[in-house]
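Q: If it helps, the file is called final_8.cif and holds mmCIF, N, CA and C atoms:
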data_my_file
#
loop_
_atom_site.label_atom_id
_atom_site.label_comp_id
_atom_site.auth_asym_id
_atom_site.auth_seq_id
_atom_site.Cartn_x
_atom_site.Cartn_y
_atom_site.Cartn_z
N MET A 1310 -10.05 23.48 2.22
CA MET A 1310 -10.96 22.41 2.60
C MET A 1310 -10.24 21.06 2.44
N THR A 1311 -10.28 20.26 3.46
CA THR A 1311 -9.68 18.93 3.42
C THR A 1311 -10.78 17.90 3.27
N LEU A 1312 -10.63 17.02 2.29
CA LEU A 1312 -11.60 15.94 2.11
C LEU A 1312 -11.19 14.75 2.96
N ARG A 1313 -12.19 14.12 3.58
CA ARG A 1313 -11.95 12.88 4.33
C ARG A 1313 -12.12 11.72 3.36
N VAL A 1314 -11.05 10.97 3.19
CA VAL A 1314 -11.04 9.86 2.23
C VAL A 1314 -10.77 8.56 2.97
N ALA A 1315 -11.69 7.63 2.86
CA ALA A 1315 -11.48 6.30 3.42
C ALA A 1315 -10.89 5.41 2.34
N ILE A 1316 -9.82 4.73 2.70
CA ILE A 1316 -9.24 3.71 1.83
C ILE A 1316 -9.60 2.38 2.50
N ILE A 1317 -10.35 1.56 1.80
CA ILE A 1317 -10.81 0.29 2.36
C ILE A 1317 -10.14 -0.85 1.60
N ASP A 1318 -9.55 -1.77 2.36
CA ASP A 1318 -8.90 -2.92 1.75
C ASP A 1318 -8.86 -4.07 2.73
N GLY A 1319 -8.57 -5.25 2.21
CA GLY A 1319 -8.50 -6.45 3.03
C GLY A 1319 -7.21 -7.20 2.77
N GLN A 1320 -7.19 -8.45 3.15
CA GLN A 1320 -6.02 -9.32 3.06
C GLN A 1320 -4.80 -8.58 3.61
N GLY A 1321 -3.76 -8.35 2.82
CA GLY A 1321 -2.57 -7.66 3.32
C GLY A 1321 -2.61 -6.16 3.13
N GLY A 1322 -3.66 -5.64 2.50
CA GLY A 1322 -3.79 -4.19 2.31
C GLY A 1322 -2.90 -3.63 1.21
N GLY A 1323 -2.39 -4.48 0.33
CA GLY A 1323 -1.45 -4.03 -0.70
C GLY A 1323 -2.01 -2.97 -1.63
N LEU A 1324 -3.23 -3.16 -2.10
CA LEU A 1324 -3.83 -2.17 -2.98
C LEU A 1324 -4.05 -0.86 -2.24
N GLY A 1325 -4.56 -0.94 -1.02
CA GLY A 1325 -4.77 0.25 -0.21
C GLY A 1325 -3.47 1.00 0.04
N LYS A 1326 -2.40 0.26 0.32
CA LYS A 1326 -1.08 0.90 0.52
C LYS A 1326 -0.66 1.66 -0.73
N SER A 1327 -0.85 1.05 -1.89
CA SER A 1327 -0.46 1.70 -3.14
C SER A 1327 -1.26 2.97 -3.39
N ILE A 1328 -2.55 2.94 -3.09
CA ILE A 1328 -3.39 4.12 -3.26
C ILE A 1328 -2.89 5.24 -2.35
N ILE A 1329 -2.67 4.92 -1.09
CA ILE A 1329 -2.24 5.92 -0.11
C ILE A 1329 -0.89 6.51 -0.50
N GLU A 1330 0.05 5.68 -0.91
CA GLU A 1330 1.37 6.17 -1.31
C GLU A 1330 1.26 7.14 -2.48
N ARG A 1331 0.41 6.83 -3.45
CA ARG A 1331 0.23 7.72 -4.60
C ARG A 1331 -0.39 9.05 -4.18
N ILE A 1332 -1.40 8.99 -3.33
CA ILE A 1332 -2.05 10.23 -2.88
C ILE A 1332 -1.04 11.08 -2.13
N ARG A 1333 -0.30 10.50 -1.20
CA ARG A 1333 0.66 11.24 -0.39
C ARG A 1333 1.79 11.83 -1.23
N LYS A 1334 2.22 11.09 -2.25
CA LYS A 1334 3.30 11.57 -3.11
C LYS A 1334 2.85 12.76 -3.94
N LEU A 1335 1.66 12.69 -4.51
CA LEU A 1335 1.19 13.72 -5.43
C LEU A 1335 0.49 14.88 -4.75
N HIS A 1336 -0.20 14.60 -3.65
CA HIS A 1336 -1.03 15.61 -2.99
C HIS A 1336 -0.94 15.43 -1.47
N PRO A 1337 0.21 15.70 -0.88
CA PRO A 1337 0.44 15.34 0.52
C PRO A 1337 -0.48 16.00 1.54
N ASP A 1338 -1.00 17.18 1.27
CA ASP A 1338 -1.76 17.90 2.30
C ASP A 1338 -3.23 18.12 1.98
N LYS A 1339 -3.72 17.58 0.89
CA LYS A 1339 -5.08 17.88 0.48
C LYS A 1339 -6.13 16.96 1.09
N PHE A 1340 -5.73 15.82 1.60
CA PHE A 1340 -6.69 14.82 2.02
C PHE A 1340 -6.39 14.29 3.41
N GLU A 1341 -7.42 14.08 4.19
CA GLU A 1341 -7.30 13.33 5.43
C GLU A 1341 -7.61 11.88 5.06
N ILE A 1342 -6.64 11.00 5.23
CA ILE A 1342 -6.80 9.62 4.80
C ILE A 1342 -7.07 8.73 6.00
N ILE A 1343 -8.19 8.01 5.93
CA ILE A 1343 -8.61 7.08 6.97
C ILE A 1343 -8.48 5.66 6.40
N ALA A 1344 -7.60 4.85 6.97
CA ALA A 1344 -7.43 3.47 6.53
C ALA A 1344 -8.45 2.60 7.25
N LEU A 1345 -9.28 1.93 6.49
CA LEU A 1345 -10.26 1.00 7.07
C LEU A 1345 -9.96 -0.39 6.52
N GLY A 1346 -9.35 -1.20 7.35
CA GLY A 1346 -8.99 -2.55 6.95
C GLY A 1346 -10.01 -3.57 7.41
N THR A 1347 -10.19 -4.59 6.62
CA THR A 1347 -11.08 -5.67 7.04
C THR A 1347 -10.39 -6.56 8.06
N ASN A 1348 -9.08 -6.42 8.17
CA ASN A 1348 -8.31 -7.17 9.17
C ASN A 1348 -7.15 -6.29 9.62
N SER A 1349 -6.50 -6.67 10.71
CA SER A 1349 -5.45 -5.82 11.28
C SER A 1349 -4.22 -5.72 10.39
N MET A 1350 -3.90 -6.75 9.62
CA MET A 1350 -2.75 -6.66 8.71
C MET A 1350 -2.97 -5.58 7.66
N ALA A 1351 -4.17 -5.54 7.10
CA ALA A 1351 -4.48 -4.54 6.08
C ALA A 1351 -4.41 -3.13 6.68
N THR A 1352 -4.99 -2.96 7.85
CA THR A 1352 -4.98 -1.64 8.49
C THR A 1352 -3.56 -1.20 8.81
N THR A 1353 -2.76 -2.08 9.38
CA THR A 1353 -1.38 -1.75 9.73
C THR A 1353 -0.58 -1.36 8.50
N GLY A 1354 -0.72 -2.11 7.43
CA GLY A 1354 0.00 -1.80 6.20
C GLY A 1354 -0.39 -0.44 5.65
N MET A 1355 -1.67 -0.13 5.68
CA MET A 1355 -2.13 1.16 5.15
C MET A 1355 -1.69 2.31 6.05
N LYS A 1356 -1.69 2.09 7.37
CA LYS A 1356 -1.20 3.13 8.29
C LYS A 1356 0.27 3.42 8.02
N ARG A 1357 1.06 2.38 7.83
CA ARG A 1357 2.50 2.56 7.59
C ARG A 1357 2.78 3.29 6.28
N SER A 1358 1.86 3.22 5.34
CA SER A 1358 2.09 3.88 4.06
C SER A 1358 1.62 5.32 4.05
N GLY A 1359 1.10 5.83 5.18
CA GLY A 1359 0.81 7.25 5.25
C GLY A 1359 -0.60 7.65 5.63
N ALA A 1360 -1.46 6.70 5.99
CA ALA A 1360 -2.80 7.08 6.43
C ALA A 1360 -2.72 7.88 7.73
N ASP A 1361 -3.63 8.82 7.90
CA ASP A 1361 -3.66 9.63 9.11
C ASP A 1361 -4.11 8.82 10.32
N VAL A 1362 -5.13 8.01 10.13
CA VAL A 1362 -5.66 7.14 11.19
C VAL A 1362 -6.11 5.84 10.55
N GLY A 1363 -6.34 4.85 11.39
CA GLY A 1363 -6.81 3.57 10.88
C GLY A 1363 -7.70 2.87 11.87
N ALA A 1364 -8.59 2.06 11.35
CA ALA A 1364 -9.48 1.25 12.18
C ALA A 1364 -9.74 -0.05 11.43
N THR A 1365 -10.12 -1.06 12.18
CA THR A 1365 -10.23 -2.40 11.63
C THR A 1365 -11.59 -3.02 11.87
N GLY A 1366 -12.09 -3.73 10.87
CA GLY A 1366 -13.25 -4.59 11.04
C GLY A 1366 -14.56 -4.00 10.55
N GLU A 1367 -15.57 -4.86 10.67
CA GLU A 1367 -16.90 -4.51 10.17
C GLU A 1367 -17.45 -3.24 10.83
N ASN A 1368 -17.39 -3.15 12.14
CA ASN A 1368 -17.98 -2.00 12.81
C ASN A 1368 -17.29 -0.70 12.41
N ALA A 1369 -15.97 -0.74 12.25
CA ALA A 1369 -15.24 0.46 11.83
C ALA A 1369 -15.74 0.94 10.47
N ILE A 1370 -16.00 0.02 9.57
CA ILE A 1370 -16.50 0.41 8.24
C ILE A 1370 -17.94 0.90 8.34
N LEU A 1371 -18.77 0.22 9.13
CA LEU A 1371 -20.18 0.64 9.28
C LEU A 1371 -20.28 2.04 9.86
N VAL A 1372 -19.44 2.36 10.83
CA VAL A 1372 -19.48 3.67 11.50
C VAL A 1372 -18.90 4.77 10.62
N ASN A 1373 -17.81 4.48 9.93
CA ASN A 1373 -17.10 5.53 9.20
C ASN A 1373 -17.55 5.77 7.78
N ALA A 1374 -18.07 4.77 7.09
CA ALA A 1374 -18.45 4.94 5.68
C ALA A 1374 -19.41 6.12 5.46
N PRO A 1375 -20.43 6.30 6.30
CA PRO A 1375 -21.34 7.42 6.06
C PRO A 1375 -20.73 8.80 6.32
N LYS A 1376 -19.58 8.86 6.98
CA LYS A 1376 -18.97 10.13 7.35
C LYS A 1376 -17.92 10.61 6.35
N MET A 1377 -17.64 9.83 5.33
CA MET A 1377 -16.56 10.14 4.40
C MET A 1377 -17.04 11.01 3.24
N ASP A 1378 -16.10 11.77 2.68
CA ASP A 1378 -16.36 12.52 1.45
C ASP A 1378 -16.10 11.64 0.24
N ALA A 1379 -15.16 10.72 0.37
CA ALA A 1379 -14.83 9.79 -0.71
C ALA A 1379 -14.38 8.47 -0.09
N ILE A 1380 -14.64 7.39 -0.81
CA ILE A 1380 -14.21 6.05 -0.42
C ILE A 1380 -13.49 5.45 -1.62
N MET A 1381 -12.30 4.90 -1.38
CA MET A 1381 -11.54 4.26 -2.44
C MET A 1381 -11.16 2.85 -2.02
N GLY A 1382 -11.07 1.97 -3.00
CA GLY A 1382 -10.66 0.61 -2.75
C GLY A 1382 -10.95 -0.25 -3.96
N PRO A 1383 -10.68 -1.53 -3.84
CA PRO A 1383 -11.00 -2.42 -4.96
C PRO A 1383 -12.51 -2.53 -5.12
N MET A 1384 -12.94 -2.81 -6.33
CA MET A 1384 -14.35 -2.96 -6.62
C MET A 1384 -15.01 -3.97 -5.68
N ALA A 1385 -14.25 -4.91 -5.19
CA ALA A 1385 -14.77 -5.97 -4.33
C ALA A 1385 -15.40 -5.45 -3.04
N ILE A 1386 -15.08 -4.22 -2.62
CA ILE A 1386 -15.61 -3.73 -1.35
C ILE A 1386 -17.12 -3.50 -1.39
N VAL A 1387 -17.71 -3.50 -2.58
CA VAL A 1387 -19.17 -3.37 -2.66
C VAL A 1387 -19.84 -4.69 -3.06
N ILE A 1388 -19.08 -5.78 -3.01
CA ILE A 1388 -19.60 -7.10 -3.35
C ILE A 1388 -19.59 -7.96 -2.09
N PRO A 1389 -20.79 -8.29 -1.58
CA PRO A 1389 -20.84 -9.10 -0.35
C PRO A 1389 -20.07 -10.41 -0.50
N ASN A 1390 -19.38 -10.78 0.56
CA ASN A 1390 -18.64 -12.03 0.68
C ASN A 1390 -17.40 -12.11 -0.21
N SER A 1391 -16.97 -10.98 -0.76
CA SER A 1391 -15.78 -10.98 -1.60
C SER A 1391 -14.53 -10.88 -0.73
N ILE A 1392 -13.40 -10.77 -1.37
CA ILE A 1392 -12.09 -10.79 -0.72
C ILE A 1392 -12.02 -11.99 0.23
N MET A 1393 -12.35 -13.15 -0.33
CA MET A 1393 -12.32 -14.42 0.39
C MET A 1393 -13.18 -14.39 1.65
N GLY A 1394 -14.29 -13.67 1.59
CA GLY A 1394 -15.23 -13.61 2.70
C GLY A 1394 -14.99 -12.47 3.67
N GLU A 1395 -13.97 -11.65 3.43
CA GLU A 1395 -13.67 -10.55 4.37
C GLU A 1395 -14.69 -9.41 4.28
N ILE A 1396 -15.35 -9.24 3.15
CA ILE A 1396 -16.36 -8.19 3.00
C ILE A 1396 -17.72 -8.79 3.34
N THR A 1397 -18.24 -8.42 4.48
CA THR A 1397 -19.54 -8.93 4.90
C THR A 1397 -20.64 -8.20 4.13
N PRO A 1398 -21.83 -8.79 4.05
CA PRO A 1398 -22.94 -8.09 3.41
C PRO A 1398 -23.20 -6.72 4.04
N ALA A 1399 -23.06 -6.61 5.35
CA ALA A 1399 -23.27 -5.32 6.02
C ALA A 1399 -22.24 -4.29 5.59
N MET A 1400 -20.98 -4.70 5.42
CA MET A 1400 -19.93 -3.78 4.95
C MET A 1400 -20.26 -3.28 3.55
N ALA A 1401 -20.57 -4.21 2.64
CA ALA A 1401 -20.88 -3.83 1.26
C ALA A 1401 -22.06 -2.87 1.21
N GLN A 1402 -23.06 -3.13 2.03
CA GLN A 1402 -24.23 -2.26 2.06
C GLN A 1402 -23.88 -0.87 2.61
N ALA A 1403 -23.10 -0.82 3.68
CA ALA A 1403 -22.72 0.48 4.27
C ALA A 1403 -21.91 1.30 3.28
N ILE A 1404 -21.00 0.66 2.56
CA ILE A 1404 -20.20 1.38 1.56
C ILE A 1404 -21.09 1.84 0.41
N GLY A 1405 -21.92 0.94 -0.08
CA GLY A 1405 -22.82 1.30 -1.19
C GLY A 1405 -23.81 2.39 -0.83
N ASN A 1406 -24.28 2.40 0.40
CA ASN A 1406 -25.26 3.39 0.84
C ASN A 1406 -24.64 4.71 1.27
N SER A 1407 -23.34 4.75 1.45
CA SER A 1407 -22.68 5.97 1.88
C SER A 1407 -22.89 7.07 0.83
N PRO A 1408 -23.10 8.31 1.30
CA PRO A 1408 -23.22 9.41 0.34
C PRO A 1408 -21.88 9.80 -0.29
N ALA A 1409 -20.79 9.22 0.17
CA ALA A 1409 -19.45 9.52 -0.34
C ALA A 1409 -19.32 9.15 -1.80
N LEU A 1410 -18.47 9.88 -2.49
CA LEU A 1410 -18.04 9.47 -3.82
C LEU A 1410 -17.30 8.16 -3.67
N LYS A 1411 -17.64 7.16 -4.48
CA LYS A 1411 -16.94 5.88 -4.43
C LYS A 1411 -16.07 5.75 -5.66
N ILE A 1412 -14.77 5.60 -5.44
CA ILE A 1412 -13.82 5.39 -6.53
C ILE A 1412 -13.32 3.96 -6.37
N LEU A 1413 -13.81 3.09 -7.23
CA LEU A 1413 -13.55 1.66 -7.12
C LEU A 1413 -12.57 1.22 -8.21
N ILE A 1414 -11.51 0.56 -7.81
CA ILE A 1414 -10.52 0.08 -8.76
C ILE A 1414 -11.04 -1.24 -9.32
N PRO A 1415 -11.24 -1.30 -10.63
CA PRO A 1415 -11.89 -2.46 -11.24
C PRO A 1415 -10.94 -3.61 -11.50
N LEU A 1416 -10.49 -4.25 -10.44
CA LEU A 1416 -9.70 -5.46 -10.60
C LEU A 1416 -10.66 -6.56 -10.99
N ASN A 1417 -10.33 -7.27 -12.05
CA ASN A 1417 -11.25 -8.29 -12.56
C ASN A 1417 -11.11 -9.58 -11.77
N ARG A 1418 -11.68 -9.53 -10.58
CA ARG A 1418 -11.72 -10.69 -9.69
C ARG A 1418 -13.15 -10.84 -9.21
N CYS A 1419 -13.40 -11.70 -8.31
CA CYS A 1419 -14.74 -11.91 -7.74
C CYS A 1419 -15.75 -12.28 -8.82
N ASN A 1420 -15.27 -12.84 -9.92
CA ASN A 1420 -16.13 -13.26 -11.01
C ASN A 1420 -16.94 -12.10 -11.59
N VAL A 1421 -16.33 -10.91 -11.61
CA VAL A 1421 -16.95 -9.71 -12.18
C VAL A 1421 -15.97 -9.13 -13.18
N GLU A 1422 -16.44 -8.87 -14.38
CA GLU A 1422 -15.62 -8.26 -15.43
C GLU A 1422 -16.20 -6.89 -15.76
N ILE A 1423 -15.33 -5.90 -15.89
CA ILE A 1423 -15.74 -4.57 -16.30
C ILE A 1423 -15.20 -4.36 -17.71
N PRO A 1424 -16.05 -4.32 -18.72
CA PRO A 1424 -15.57 -4.14 -20.09
C PRO A 1424 -14.77 -2.84 -20.22
N GLY A 1425 -13.70 -2.90 -20.98
CA GLY A 1425 -12.88 -1.73 -21.21
C GLY A 1425 -11.70 -1.61 -20.27
N THR A 1426 -11.66 -2.39 -19.20
CA THR A 1426 -10.56 -2.28 -18.25
C THR A 1426 -9.51 -3.36 -18.45
N ARG A 1427 -9.77 -4.29 -19.29
CA ARG A 1427 -8.89 -5.44 -19.46
C ARG A 1427 -7.48 -5.06 -19.90
N ASP A 1428 -7.35 -4.00 -20.70
CA ASP A 1428 -6.05 -3.63 -21.23
C ASP A 1428 -5.27 -2.69 -20.32
N LEU A 1429 -5.84 -2.30 -19.20
CA LEU A 1429 -5.16 -1.39 -18.29
C LEU A 1429 -4.40 -2.18 -17.23
N ASN A 1430 -3.17 -1.75 -16.94
CA ASN A 1430 -2.45 -2.42 -15.86
C ASN A 1430 -2.79 -1.73 -14.53
N ILE A 1431 -2.36 -2.32 -13.44
CA ILE A 1431 -2.72 -1.82 -12.12
C ILE A 1431 -2.23 -0.39 -11.90
N ASN A 1432 -1.05 -0.07 -12.40
CA ASN A 1432 -0.53 1.30 -12.23
C ASN A 1432 -1.41 2.32 -12.95
N GLU A 1433 -1.88 1.99 -14.13
CA GLU A 1433 -2.77 2.90 -14.85
C GLU A 1433 -4.09 3.05 -14.11
N LEU A 1434 -4.62 1.96 -13.60
CA LEU A 1434 -5.88 2.02 -12.85
C LEU A 1434 -5.73 2.90 -11.60
N LEU A 1435 -4.61 2.75 -10.90
CA LEU A 1435 -4.37 3.56 -9.70
C LEU A 1435 -4.20 5.03 -10.05
N ASP A 1436 -3.48 5.32 -11.13
CA ASP A 1436 -3.31 6.71 -11.56
C ASP A 1436 -4.66 7.34 -11.89
N PHE A 1437 -5.50 6.63 -12.65
CA PHE A 1437 -6.82 7.15 -12.99
C PHE A 1437 -7.66 7.37 -11.73
N SER A 1438 -7.53 6.49 -10.77
CA SER A 1438 -8.30 6.60 -9.53
C SER A 1438 -7.91 7.83 -8.73
N VAL A 1439 -6.61 8.07 -8.58
CA VAL A 1439 -6.15 9.24 -7.85
C VAL A 1439 -6.50 10.51 -8.61
N ASP A 1440 -6.43 10.48 -9.94
CA ASP A 1440 -6.86 11.63 -10.74
C ASP A 1440 -8.33 11.95 -10.50
N GLU A 1441 -9.15 10.92 -10.40
CA GLU A 1441 -10.58 11.13 -10.14
C GLU A 1441 -10.80 11.75 -8.77
N LEU A 1442 -10.06 11.32 -7.77
CA LEU A 1442 -10.15 11.91 -6.44
C LEU A 1442 -9.79 13.40 -6.49
N LEU A 1443 -8.74 13.73 -7.21
CA LEU A 1443 -8.32 15.13 -7.32
C LEU A 1443 -9.39 15.96 -8.06
N ARG A 1444 -9.99 15.41 -9.11
CA ARG A 1444 -11.08 16.11 -9.81
C ARG A 1444 -12.23 16.40 -8.85
N HIS A 1445 -12.57 15.43 -8.02
CA HIS A 1445 -13.65 15.62 -7.04
C HIS A 1445 -13.26 16.69 -6.04
N TYR A 1446 -12.02 16.66 -5.57
CA TYR A 1446 -11.53 17.66 -4.61
C TYR A 1446 -11.63 19.05 -5.22
N ASN A 1447 -11.15 19.21 -6.45
CA ASN A 1447 -11.19 20.52 -7.10
C ASN A 1447 -12.62 20.99 -7.35
N ALA A 1448 -13.51 20.07 -7.66
CA ALA A 1448 -14.91 20.45 -7.89
C ALA A 1448 -15.58 20.92 -6.60
N THR A 1449 -15.22 20.33 -5.46
CA THR A 1449 -15.84 20.73 -4.20
C THR A 1449 -15.31 22.06 -3.70
N LYS A 1450 -14.12 22.42 -4.14
CA LYS A 1450 -13.54 23.72 -3.75
C LYS A 1450 -14.13 24.87 -4.55
N ALA A 1451 -14.61 24.57 -5.75
CA ALA A 1451 -15.12 25.64 -6.63
C ALA A 1451 -16.44 26.21 -6.16
#
Mind turning the file's structure into structure tokens?
A:
Amino acid sequence: MTLRVAIIDGQGGGLGKSIIERIRKLHPDKFEIIALGTNSMATTGMKRSGADVGATGENAILVNAPKMDAIMGPMAIVIPNSIMGEITPAMAQAIGNSPALKILIPLNRCNVEIPGTRDLNINELLDFSVDELLRHYNATKA
């Protein structure tokens, strides 16, 4: 069974690229990765790092979010008007309402703090996130 995983990111797509590279390195064949960028730079960067397909913009996220088994990205993707305005309220709502498992990387930006994450560096956060995706994958296979 292959899980459909959307990686959602904005700006240059750097976080999304890092997530995709980690997934592909550790589990190259277990996931179908869909890059959903808020802009074309983010989508292109994520596609180059190993996503199977990519799409850009609000409508791409609105259409695809409900179809995913899992959604990964920065915590900001569920906060309207975050990522310097790239996340529209409709995008945040579609992601939040999706039945997909949401694995959100808690970067302490957007004036939101997650207690307990302050001492973790980005590499640790990404490792924990990919581990959580694998746990979900293994649970759905059982």
Q: Between atom CA of A:Glu1341 and atom N of A:Asn1432, what is the distance in Å, rounded to a tenth?
A: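 Atom-to-atom, atom CA of A:Glu1341 to atom N of A:Asn1432, that is 23.2 Å.
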Q: If you run DSSP over the backbone, which residues in stretch 1311-1447 of chain A end up strand (DSSP E)? Put them as a ChimeraX atom specification.
A: /A:1312-1318,1340-1346,1362-1365,1379-1383,1410-1414
Q: Any chance you can output those residues with N, CA and C atoms as a PDB file, in the coordinates of the input?
A:
ATOM      1  N   LEU A1312     -10.630  17.020   2.290  1.00  0.00           N
ATOM      2  CA  LEU A1312     -11.600  15.940   2.110  1.00  0.00           C
ATOM      3  C   LEU A1312     -11.190  14.750   2.960  1.00  0.00           C
ATOM      4  N   ARG A1313     -12.190  14.120   3.580  1.00  0.00           N
ATOM      5  CA  ARG A1313     -11.950  12.880   4.330  1.00  0.00           C
ATOM      6  C   ARG A1313     -12.120  11.720   3.360  1.00  0.00           C
ATOM      7  N   VAL A1314     -11.050  10.970   3.190  1.00  0.00           N
ATOM      8  CA  VAL A1314     -11.040   9.860   2.230  1.00  0.00           C
ATOM      9  C   VAL A1314     -10.770   8.560   2.970  1.00  0.00           C
ATOM     10  N   ALA A1315     -11.690   7.630   2.860  1.00  0.00           N
ATOM     11  CA  ALA A1315     -11.480   6.300   3.420  1.00  0.00           C
ATOM     12  C   ALA A1315     -10.890   5.410   2.340  1.00  0.00           C
ATOM     13  N   ILE A1316      -9.820   4.730   2.700  1.00  0.00           N
ATOM     14  CA  ILE A1316      -9.240   3.710   1.830  1.00  0.00           C
ATOM     15  C   ILE A1316      -9.600   2.380   2.500  1.00  0.00           C
ATOM     16  N   ILE A1317     -10.350   1.560   1.800  1.00  0.00           N
ATOM     17  CA  ILE A1317     -10.810   0.290   2.360  1.00  0.00           C
ATOM     18  C   ILE A1317     -10.140  -0.850   1.600  1.00  0.00           C
ATOM     19  N   ASP A1318      -9.550  -1.770   2.360  1.00  0.00           N
ATOM     20  CA  ASP A1318      -8.900  -2.920   1.750  1.00  0.00           C
ATOM     21  C   ASP A1318      -8.860  -4.070   2.730  1.00  0.00           C
ATOM     22  N   PHE A1340      -5.730  15.820   1.600  1.00  0.00           N
ATOM     23  CA  PHE A1340      -6.690  14.820   2.020  1.00  0.00           C
ATOM     24  C   PHE A1340      -6.390  14.290   3.410  1.00  0.00           C
ATOM     25  N   GLU A1341      -7.420  14.080   4.190  1.00  0.00           N
ATOM     26  CA  GLU A1341      -7.300  13.330   5.430  1.00  0.00           C
ATOM     27  C   GLU A1341      -7.610  11.880   5.060  1.00  0.00           C
ATOM     28  N   ILE A1342      -6.640  11.000   5.230  1.00  0.00           N
ATOM     29  CA  ILE A1342      -6.800   9.620   4.800  1.00  0.00           C
ATOM     30  C   ILE A1342      -7.070   8.730   6.000  1.00  0.00           C
ATOM     31  N   ILE A1343      -8.190   8.010   5.930  1.00  0.00           N
ATOM     32  CA  ILE A1343      -8.610   7.080   6.970  1.00  0.00           C
ATOM     33  C   ILE A1343      -8.480   5.660   6.400  1.00  0.00           C
ATOM     34  N   ALA A1344      -7.600   4.850   6.970  1.00  0.00           N
ATOM     35  CA  ALA A1344      -7.430   3.470   6.530  1.00  0.00           C
ATOM     36  C   ALA A1344      -8.450   2.600   7.250  1.00  0.00           C
ATOM     37  N   LEU A1345      -9.280   1.930   6.490  1.00  0.00           N
ATOM     38  CA  LEU A1345     -10.260   1.000   7.070  1.00  0.00           C
ATOM     39  C   LEU A1345      -9.960  -0.390   6.520  1.00  0.00           C
ATOM     40  N   GLY A1346      -9.350  -1.200   7.350  1.00  0.00           N
ATOM     41  CA  GLY A1346      -8.990  -2.550   6.950  1.00  0.00           C
ATOM     42  C   GLY A1346     -10.010  -3.570   7.410  1.00  0.00           C
ATOM     43  N   VAL A1362      -5.130   8.010  10.130  1.00  0.00           N
ATOM     44  CA  VAL A1362      -5.660   7.140  11.190  1.00  0.00           C
ATOM     45  C   VAL A1362      -6.110   5.840  10.550  1.00  0.00           C
ATOM     46  N   GLY A1363      -6.340   4.850  11.390  1.00  0.00           N
ATOM     47  CA  GLY A1363      -6.810   3.570  10.880  1.00  0.00           C
ATOM     48  C   GLY A1363      -7.700   2.870  11.870  1.00  0.00           C
ATOM     49  N   ALA A1364      -8.590   2.060  11.350  1.00  0.00           N
ATOM     50  CA  ALA A1364      -9.480   1.250  12.180  1.00  0.00           C
ATOM     51  C   ALA A1364      -9.740  -0.050  11.430  1.00  0.00           C
ATOM     52  N   THR A1365     -10.120  -1.060  12.180  1.00  0.00           N
ATOM     53  CA  THR A1365     -10.230  -2.400  11.630  1.00  0.00           C
ATOM     54  C   THR A1365     -11.590  -3.020  11.870  1.00  0.00           C
ATOM     55  N   ALA A1379     -15.160  10.720   0.370  1.00  0.00           N
ATOM     56  CA  ALA A1379     -14.830   9.790  -0.710  1.00  0.00           C
ATOM     57  C   ALA A1379     -14.380   8.470  -0.090  1.00  0.00           C
ATOM     58  N   ILE A1380     -14.640   7.390  -0.810  1.00  0.00           N
ATOM     59  CA  ILE A1380     -14.210   6.050  -0.420  1.00  0.00           C
ATOM     60  C   ILE A1380     -13.490   5.450  -1.620  1.00  0.00           C
ATOM     61  N   MET A1381     -12.300   4.900  -1.380  1.00  0.00           N
ATOM     62  CA  MET A1381     -11.540   4.260  -2.440  1.00  0.00           C
ATOM     63  C   MET A1381     -11.160   2.850  -2.020  1.00  0.00           C
ATOM     64  N   GLY A1382     -11.070   1.970  -3.000  1.00  0.00           N
ATOM     65  CA  GLY A1382     -10.660   0.610  -2.750  1.00  0.00           C
ATOM     66  C   GLY A1382     -10.950  -0.250  -3.960  1.00  0.00           C
ATOM     67  N   PRO A1383     -10.680  -1.530  -3.840  1.00  0.00           N
ATOM     68  CA  PRO A1383     -11.000  -2.420  -4.960  1.00  0.00           C
ATOM     69  C   PRO A1383     -12.510  -2.530  -5.120  1.00  0.00           C
ATOM     70  N   LEU A1410     -18.470   9.880  -2.490  1.00  0.00           N
ATOM     71  CA  LEU A1410     -18.040   9.470  -3.820  1.00  0.00           C
ATOM     72  C   LEU A1410     -17.300   8.160  -3.670  1.00  0.00           C
ATOM     73  N   LYS A1411     -17.640   7.160  -4.480  1.00  0.00           N
ATOM     74  CA  LYS A1411     -16.940   5.880  -4.430  1.00  0.00           C
ATOM     75  C   LYS A1411     -16.070   5.750  -5.660  1.00  0.00           C
ATOM     76  N   ILE A1412     -14.770   5.600  -5.440  1.00  0.00           N
ATOM     77  CA  ILE A1412     -13.820   5.390  -6.530  1.00  0.00           C
ATOM     78  C   ILE A1412     -13.320   3.960  -6.370  1.00  0.00           C
ATOM     79  N   LEU A1413     -13.810   3.090  -7.230  1.00  0.00           N
ATOM     80  CA  LEU A1413     -13.550   1.660  -7.120  1.00  0.00           C
ATOM     81  C   LEU A1413     -12.570   1.220  -8.210  1.00  0.00           C
ATOM     82  N   ILE A1414     -11.510   0.560  -7.810  1.00  0.00           N
ATOM     83  CA  ILE A1414     -10.520   0.080  -8.760  1.00  0.00           C
ATOM     84  C   ILE A1414     -11.040  -1.240  -9.320  1.00  0.00           C
TER      85      ILE A1414
END
Q: What is the atom CA of A:Thr1365-atom CA of A:Thr1352 distance in Å, reported with one decimal?
A: 6.2 Å
Q: Which one is closest to A:Ala1364: A:Ala1315, A:Ile1396, A:Leu1335, A:Ile1328? Count only C-alpha atoms.
A: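 Smallest distance to A:Ala1364 is found for A:Ala1315.
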Q: Give the answer as one residue: which of A:Pro1383, A:Gly1394, A:Glu1441, A:Asp1338 has the shortest atom-to-atom distance to A:Leu1413, using all atoms listed in the file?
A: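 Answer, going by the shortest atom-to-atom distance: A:Pro1383.
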Q: Measuring atom to atom with only C-alpha atoms, identify which of A:Phe1340, A:Leu1324, A:Ala1360, A:Pro1375 is nearest to A:Leu1416.
A: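 For A:Leu1416, the nearest of the given residues is A:Leu1324.
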Q: Closest to A:Pro1415 among A:Gly1346, A:Gly1359, A:Gly1319, A:Gly1382, using only N, CA and C atoms?
A: A:Gly1382
Q: What does the structure give for the distance between atom CA of A:Ala1448 and atom CA of A:Glu1330, in Å to one decimal?
A: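 Atom CA of A:Glu1330 lies 22.6 Å from atom CA of A:Ala1448.
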